[in-house]
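Chemist: One file: work17.pdb (PDB, C-alpha atoms and all ligand atoms).
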```
ATOM      1  CA  MET A1452      31.337 -20.246  81.450
ATOM      2  CA  SER A1453      30.120 -16.688  81.732
ATOM      3  CA  VAL A1454      31.143 -13.300  80.432
ATOM      4  CA  GLU A1455      31.579 -10.413  82.854
ATOM      5  CA  VAL A1456      29.120  -7.612  82.195
ATOM      6  CA  LEU A1457      29.227  -4.441  84.265
ATOM      7  CA  ILE A1458      25.778  -3.301  85.289
ATOM      8  CA  HIS A1459      24.626  -0.037  86.799
ATOM      9  CA  ARG A1460      21.261   0.419  88.512
ATOM     10  CA  LEU A1461      19.467   3.573  87.486
ATOM     11  CA  ASP A1462      16.513   2.531  89.622
ATOM     12  CA  PRO A1463      17.615   1.167  93.001
ATOM     13  CA  GLU A1464      14.267  -0.495  93.785
ATOM     14  CA  LEU A1465      14.085  -2.712  90.706
ATOM     15  CA  PRO A1466      15.744  -6.138  90.725
ATOM     16  CA  LEU A1467      18.719  -6.635  88.436
ATOM     17  CA  PRO A1468      18.122  -8.648  85.248
ATOM     18  CA  ALA A1469      18.270 -12.328  86.120
ATOM     19  CA  TYR A1470      18.185 -15.759  84.526
ATOM     20  CA  ALA A1471      15.086 -17.635  85.726
ATOM     21  CA  HIS A1472      16.870 -21.015  85.341
ATOM     22  CA  PRO A1473      20.536 -22.005  85.137
ATOM     23  CA  GLY A1474      20.411 -22.964  81.437
ATOM     24  CA  ASP A1475      18.453 -19.939  80.236
ATOM     25  CA  ALA A1476      19.821 -17.852  77.380
ATOM     26  CA  GLY A1477      17.870 -14.725  78.307
ATOM     27  CA  ALA A1478      18.008 -12.704  81.522
ATOM     28  CA  ASP A1479      14.645 -11.102  82.220
ATOM     29  CA  LEU A1480      14.389  -7.317  82.151
ATOM     30  CA  TYR A1481      11.984  -5.421  84.397
ATOM     31  CA  ALA A1482       9.741  -2.522  83.401
ATOM     32  CA  ALA A1483      10.680   0.651  85.278
ATOM     33  CA  GLU A1484       7.221   2.153  84.851
ATOM     34  CA  ASP A1485       3.558   1.255  84.530
ATOM     35  CA  VAL A1486       2.304   1.240  80.980
ATOM     36  CA  GLU A1487      -1.034   0.607  79.327
ATOM     37  CA  LEU A1488      -0.910  -0.408  75.690
ATOM     38  CA  LEU A1489      -4.127   0.061  73.778
ATOM     39  CA  PRO A1490      -4.810  -2.353  70.901
ATOM     40  CA  GLY A1491      -2.080  -1.871  68.287
ATOM     41  CA  GLU A1492      -0.245   0.668  70.455
ATOM     42  CA  ARG A1493       3.485   0.792  71.174
ATOM     43  CA  ALA A1494       5.528   2.402  73.937
ATOM     44  CA  MET A1495       9.162   2.754  74.880
ATOM     45  CA  VAL A1496       9.730   1.675  78.463
ATOM     46  CA  GLY A1497      12.885   1.881  80.578
ATOM     47  CA  THR A1498      14.319  -1.121  82.388
ATOM     48  CA  GLY A1499      16.232   0.760  85.097
ATOM     49  CA  VAL A1500      19.640  -0.612  84.100
ATOM     50  CA  ALA A1501      22.648   0.351  82.005
ATOM     51  CA  ILE A1502      25.461  -2.037  81.109
ATOM     52  CA  ALA A1503      28.998  -2.064  79.761
ATOM     53  CA  LEU A1504      29.765  -5.085  77.609
ATOM     54  CA  PRO A1505      33.271  -6.219  76.719
ATOM     55  CA  ASP A1506      34.424  -5.492  73.158
ATOM     56  CA  GLY A1507      33.298  -8.195  70.768
ATOM     57  CA  TYR A1508      29.947  -8.661  72.516
ATOM     58  CA  ALA A1509      26.452  -7.298  72.020
ATOM     59  CA  ALA A1510      23.238  -7.727  73.963
ATOM     60  CA  PHE A1511      19.974  -8.458  72.188
ATOM     61  CA  VAL A1512      16.606  -7.493  73.632
ATOM     62  CA  HIS A1513      14.145 -10.269  72.863
ATOM     63  CA  PRO A1514      10.410 -10.536  73.516
ATOM     64  CA  ARG A1515       9.122 -12.944  76.173
ATOM     65  CA  SER A1516       7.108 -15.761  74.636
ATOM     66  CA  GLY A1517       4.546 -15.822  77.444
ATOM     67  CA  LEU A1518       3.613 -12.183  76.953
ATOM     68  CA  ALA A1519       3.521 -12.757  73.209
ATOM     69  CA  ALA A1520       1.353 -15.879  73.341
ATOM     70  CA  LYS A1521      -1.042 -14.710  76.080
ATOM     71  CA  HIS A1522      -1.363 -11.018  75.269
ATOM     72  CA  GLY A1523       0.175 -10.426  71.828
ATOM     73  CA  VAL A1524       2.897  -8.251  73.335
ATOM     74  CA  THR A1525       6.145  -8.162  71.355
ATOM     75  CA  LEU A1526       8.923  -5.669  70.654
ATOM     76  CA  VAL A1527       8.720  -3.414  67.612
ATOM     77  CA  ASN A1528      12.406  -3.920  66.799
ATOM     78  CA  ALA A1529      12.843  -7.498  68.003
ATOM     79  CA  PRO A1530      15.556  -8.279  68.688
ATOM     80  CA  GLY A1531      16.797  -4.872  69.797
ATOM     81  CA  THR A1532      20.560  -4.431  69.604
ATOM     82  CA  VAL A1533      22.520  -3.039  72.553
ATOM     83  CA  ASP A1534      26.001  -2.054  71.378
ATOM     84  CA  ALA A1535      29.041  -2.729  73.517
ATOM     85  CA  GLY A1536      29.681   1.009  73.742
ATOM     86  CA  TYR A1537      26.152   1.984  74.828
ATOM     87  CA  ARG A1538      26.016   3.351  78.357
ATOM     88  CA  GLY A1539      22.445   4.635  78.444
ATOM     89  CA  GLU A1540      19.432   2.952  79.984
ATOM     90  CA  ILE A1541      18.351  -0.211  78.186
ATOM     91  CA  LYS A1542      14.860   0.441  76.879
ATOM     92  CA  VAL A1543      12.262  -1.842  75.386
ATOM     93  CA  THR A1544       9.963  -0.897  72.527
ATOM     94  CA  LEU A1545       6.822  -2.758  73.553
ATOM     95  CA  LEU A1546       4.072  -3.338  71.004
ATOM     96  CA  ASN A1547       0.581  -4.642  71.650
ATOM     97  CA  THR A1548      -0.226  -6.569  68.475
ATOM     98  CA  ASP A1549      -3.680  -7.488  69.777
ATOM     99  CA  LEU A1550      -6.287  -5.481  67.902
ATOM    100  CA  LYS A1551      -9.038  -5.931  70.519
ATOM    101  CA  GLU A1552      -7.573  -6.061  74.023
ATOM    102  CA  ALA A1553      -5.556  -3.429  75.831
ATOM    103  CA  VAL A1554      -2.767  -4.748  78.045
ATOM    104  CA  ARG A1555      -1.625  -3.207  81.295
ATOM    105  CA  LEU A1556       1.946  -3.797  82.399
ATOM    106  CA  ARG A1557       3.221  -2.687  85.774
ATOM    107  CA  ARG A1558       6.500  -1.428  87.053
ATOM    108  CA  GLY A1559       8.442  -4.511  88.146
ATOM    109  CA  ASP A1560       6.890  -6.813  85.523
ATOM    110  CA  ARG A1561       9.343  -8.811  83.432
ATOM    111  CA  VAL A1562       8.715  -7.444  79.966
ATOM    112  CA  ALA A1563      11.633  -8.655  77.810
ATOM    113  CA  GLN A1564      14.853 -10.665  78.021
ATOM    114  CA  LEU A1565      18.453  -9.837  77.330
ATOM    115  CA  VAL A1566      20.610 -12.306  75.392
ATOM    116  CA  ILE A1567      24.371 -11.651  75.458
ATOM    117  CA  GLN A1568      26.265 -12.834  72.396
ATOM    118  CA  ARG A1569      29.676 -12.663  70.847
ATOM    119  CA  VAL A1570      29.588 -10.744  67.594
ATOM    120  CA  GLU A1571      32.124 -10.611  64.773
ATOM    121  CA  LYS A1572      33.226  -7.365  63.213
ATOM    122  CA  ALA A1573      33.321  -7.518  59.410
ATOM    123  CA  ALA A1574      35.961  -5.981  57.186
ATOM    124  CA  PHE A1575      34.033  -5.138  54.018
ATOM    125  CA  TYR A1576      35.934  -5.698  50.746
ATOM    126  CA  GLU A1577      34.276  -4.141  47.713
ATOM    127  CA  VAL A1578      34.377  -6.338  44.587
ATOM    128  CA  GLU A1579      33.024  -6.041  41.004
ATOM    129  CA  ARG A1580      31.409  -9.491  41.085
ATOM    130  CA  LEU A1581      30.500 -11.881  43.917
ATOM    131  CA  PRO A1582      31.439 -15.571  43.750
ATOM    132  CA  GLY A1583      28.675 -17.920  42.529
ATOM    133  CA  SER A1584      26.576 -20.015  44.925
ATOM    134  CA  ALA A1585      23.848 -22.661  44.840
ATOM    135  CA  ARG A1586      21.206 -20.163  45.995
ATOM    136  CA  GLY A1587      22.315 -17.282  43.847
ATOM    137  CA  ALA A1588      19.944 -14.318  44.100
ATOM    138  CA  GLY A1589      16.901 -16.465  44.971
ATOM    139  CA  GLY A1590      15.171 -15.464  48.168
ATOM    140  CA  PHE A1591      11.864 -14.252  49.592
ATOM    141  CA  GLY A1592      10.062 -17.577  49.032
ATOM    142  CA  SER A1593      12.077 -18.753  46.003
ATOM    143  CA  THR A1594      12.094 -22.326  47.372
ATOM    144  CA  GLY A1595       8.297 -22.462  47.604
ATOM    145  CA  ARG A1596       6.165 -22.874  50.713
TER     146      ARG A1596
HETATM  147  O1  LIG B1601      15.798  -2.407  72.034
HETATM  148  C1  LIG B1601      16.736  -1.590  72.143
HETATM  149  C2  LIG B1601      17.525  -1.217  71.048
HETATM  150  C3  LIG B1601      18.536  -0.282  71.247
HETATM  151  N1  LIG B1601      18.754   0.261  72.481
HETATM  152  C4  LIG B1601      19.856   1.209  72.682
HETATM  153  C5  LIG B1601      21.198   0.484  72.762
HETATM  154  C6  LIG B1601      21.796   0.655  71.425
HETATM  155  O2  LIG B1601      23.207   0.601  71.489
HETATM  156  C7  LIG B1601      21.245   2.006  71.007
HETATM  157  C8  LIG B1601      21.148   2.213  69.529
HETATM  158  O3  LIG B1601      20.378   1.197  68.974
HETATM  159  P1  LIG B1601      20.274   1.023  67.373
HETATM  160  O4  LIG B1601      21.612   1.146  66.756
HETATM  161  O5  LIG B1601      19.476  -0.200  67.122
HETATM  162  O6  LIG B1601      19.341   2.265  67.019
HETATM  163  P2  LIG B1601      19.539   3.406  65.915
HETATM  164  O7  LIG B1601      18.186   3.801  65.529
HETATM  165  O8  LIG B1601      20.479   2.944  64.837
HETATM  166  O9  LIG B1601      20.160   4.555  66.824
HETATM  167  P3  LIG B1601      21.649   5.136  66.789
HETATM  168  O10 LIG B1601      21.652   6.107  65.682
HETATM  169  O11 LIG B1601      21.812   5.760  68.134
HETATM  170  O12 LIG B1601      22.600   3.986  66.569
HETATM  171  O13 LIG B1601      19.947   2.097  71.586
HETATM  172  C9  LIG B1601      17.990  -0.130  73.566
HETATM  173  O14 LIG B1601      18.171   0.319  74.692
HETATM  174  N2  LIG B1601      16.988  -1.037  73.362
HETATM  175 MG    MG B1602      22.522   2.342  65.208
END
```
When written as structure tokens, how does the structure in this file appear?

Modeler:
Amino acid sequence: MSVEVLIHRLDPELPLPAYAHPGDAGADLYAAEDVELLPGERAMVGTGVAIALPDGYAAFVHPRSGLAAKHGVTLVNAPGTVDAGYRGEIKVTLLNTDLKEAVRLRRGDRVAQLVIQRVEKAAFYEVERLPGSARGAGGFGSTGR
């Protein structure tokens, strides 16, 4: 089962996002430009594609675990949210979390992955008091380590 997503190439030489294996959740996104990230540095990089998602869907830009584990490269806003109505270029906000090594990424490298998901739209009802629950207001480590 797959959902139809319209895709427009802004950079004709880059491959389209693709799933590396049939069961993959994320389709890899390619960097449209070379970028060098100094230790701790971030950069916004284009991917050369724009999409139109059906209503009720969103696309989430996730880091790639290989880049994260080997080089400390993640996304500042992971996961980035691409709204169904967004028609601009999908961009990735790369961050080099390594404090010693610079990392050089090249145009055409797979730098992030796009996960398409159904999303619900909430109707917010304002109330004076929320119903009770087992957790209550406990959070942020309230259950211990
Ligand atoms: O990693 C990302 C995150 C967002 N976007 C694009 C698509 C998304 O629909 C739009 C807005 O994203 P978001 O709502 O997260 O950013 P904002 O800071 O709230 O901007 P805006 O005021 O435009 O909503 O930017 C990307 O290309 N990559
Ligand atoms: Mg927004």

Chemist: Determine the residue membership of the PyMOL selection byres (((not hetatm)) within 12 of (chain B and resi 1601)) for the file above and supply it as a count of residues only.

Modeler: 46

Chemist: Would you give the centre and edge lengths, in Å to one decimal, of a box along x, y and z around the listed atoms of segment 1492-1501 of chain A, with 8 Å added to each side, as AutoDock Vina command-line options?

Modeler:
```
--center_x 11.2 --center_y 0.8 --center_z 77.8 --size_x 38.9 --size_y 19.9 --size_z 30.6
```

Chemist: Report, in Å with one decimal, the straight-line distance from atom CA of Pro1466 of chain A to atom CA of Glu1484 of chain A.

Modeler: 13.3 Å

Chemist: Point out the residue among A:Leu1461, A:Leu1518, A:Met1452, A:Ala1476 with the least atom-to-atom distance to Gln1568 of chain A, counting all atoms listed in the file.

Modeler: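 Nearest to Gln1568 of chain A: A:Ala1476.
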
Chemist: Please report the interatomic distance between atom CA of Arg1569 of chain A and atom CA of Ala1478 of chain A in Å with one decimal.

Modeler: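 Going from atom CA of Arg1569 of chain A over to atom CA of Ala1478 of chain A covers 15.8 Å.
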
Chemist: Atom CA of Thr1548 of chain A and atom CA of Gly1491 of chain A, how far apart in Å?

Modeler: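 Spanning atom CA of Gly1491 of chain A to atom CA of Thr1548 of chain A is a straight-line distance of 5.1 Å.
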
Chemist: Please provide as a ChimeraX atom specification all residues within 8 Å of Leu1465 of chain A, with the sequence filter that same-chain residues fewer than 4 positions apart are discarded (counting all atoms listed in the file).

Modeler: /A:1481,1483,1499,1559

Chemist: Got a sec: who's within 10 Å of Glu1487 of chain A, counting only C-alpha atoms, leaving out chain neighbours fewer than 4 positions off, as a list in words?

Modeler: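 Near Glu1487 of chain A, the qualifying residues are Glu1492, Arg1493, Ala1494, Asn1547, Ala1553, Val1554, Arg1555, Leu1556 and Arg1557 of chain A.
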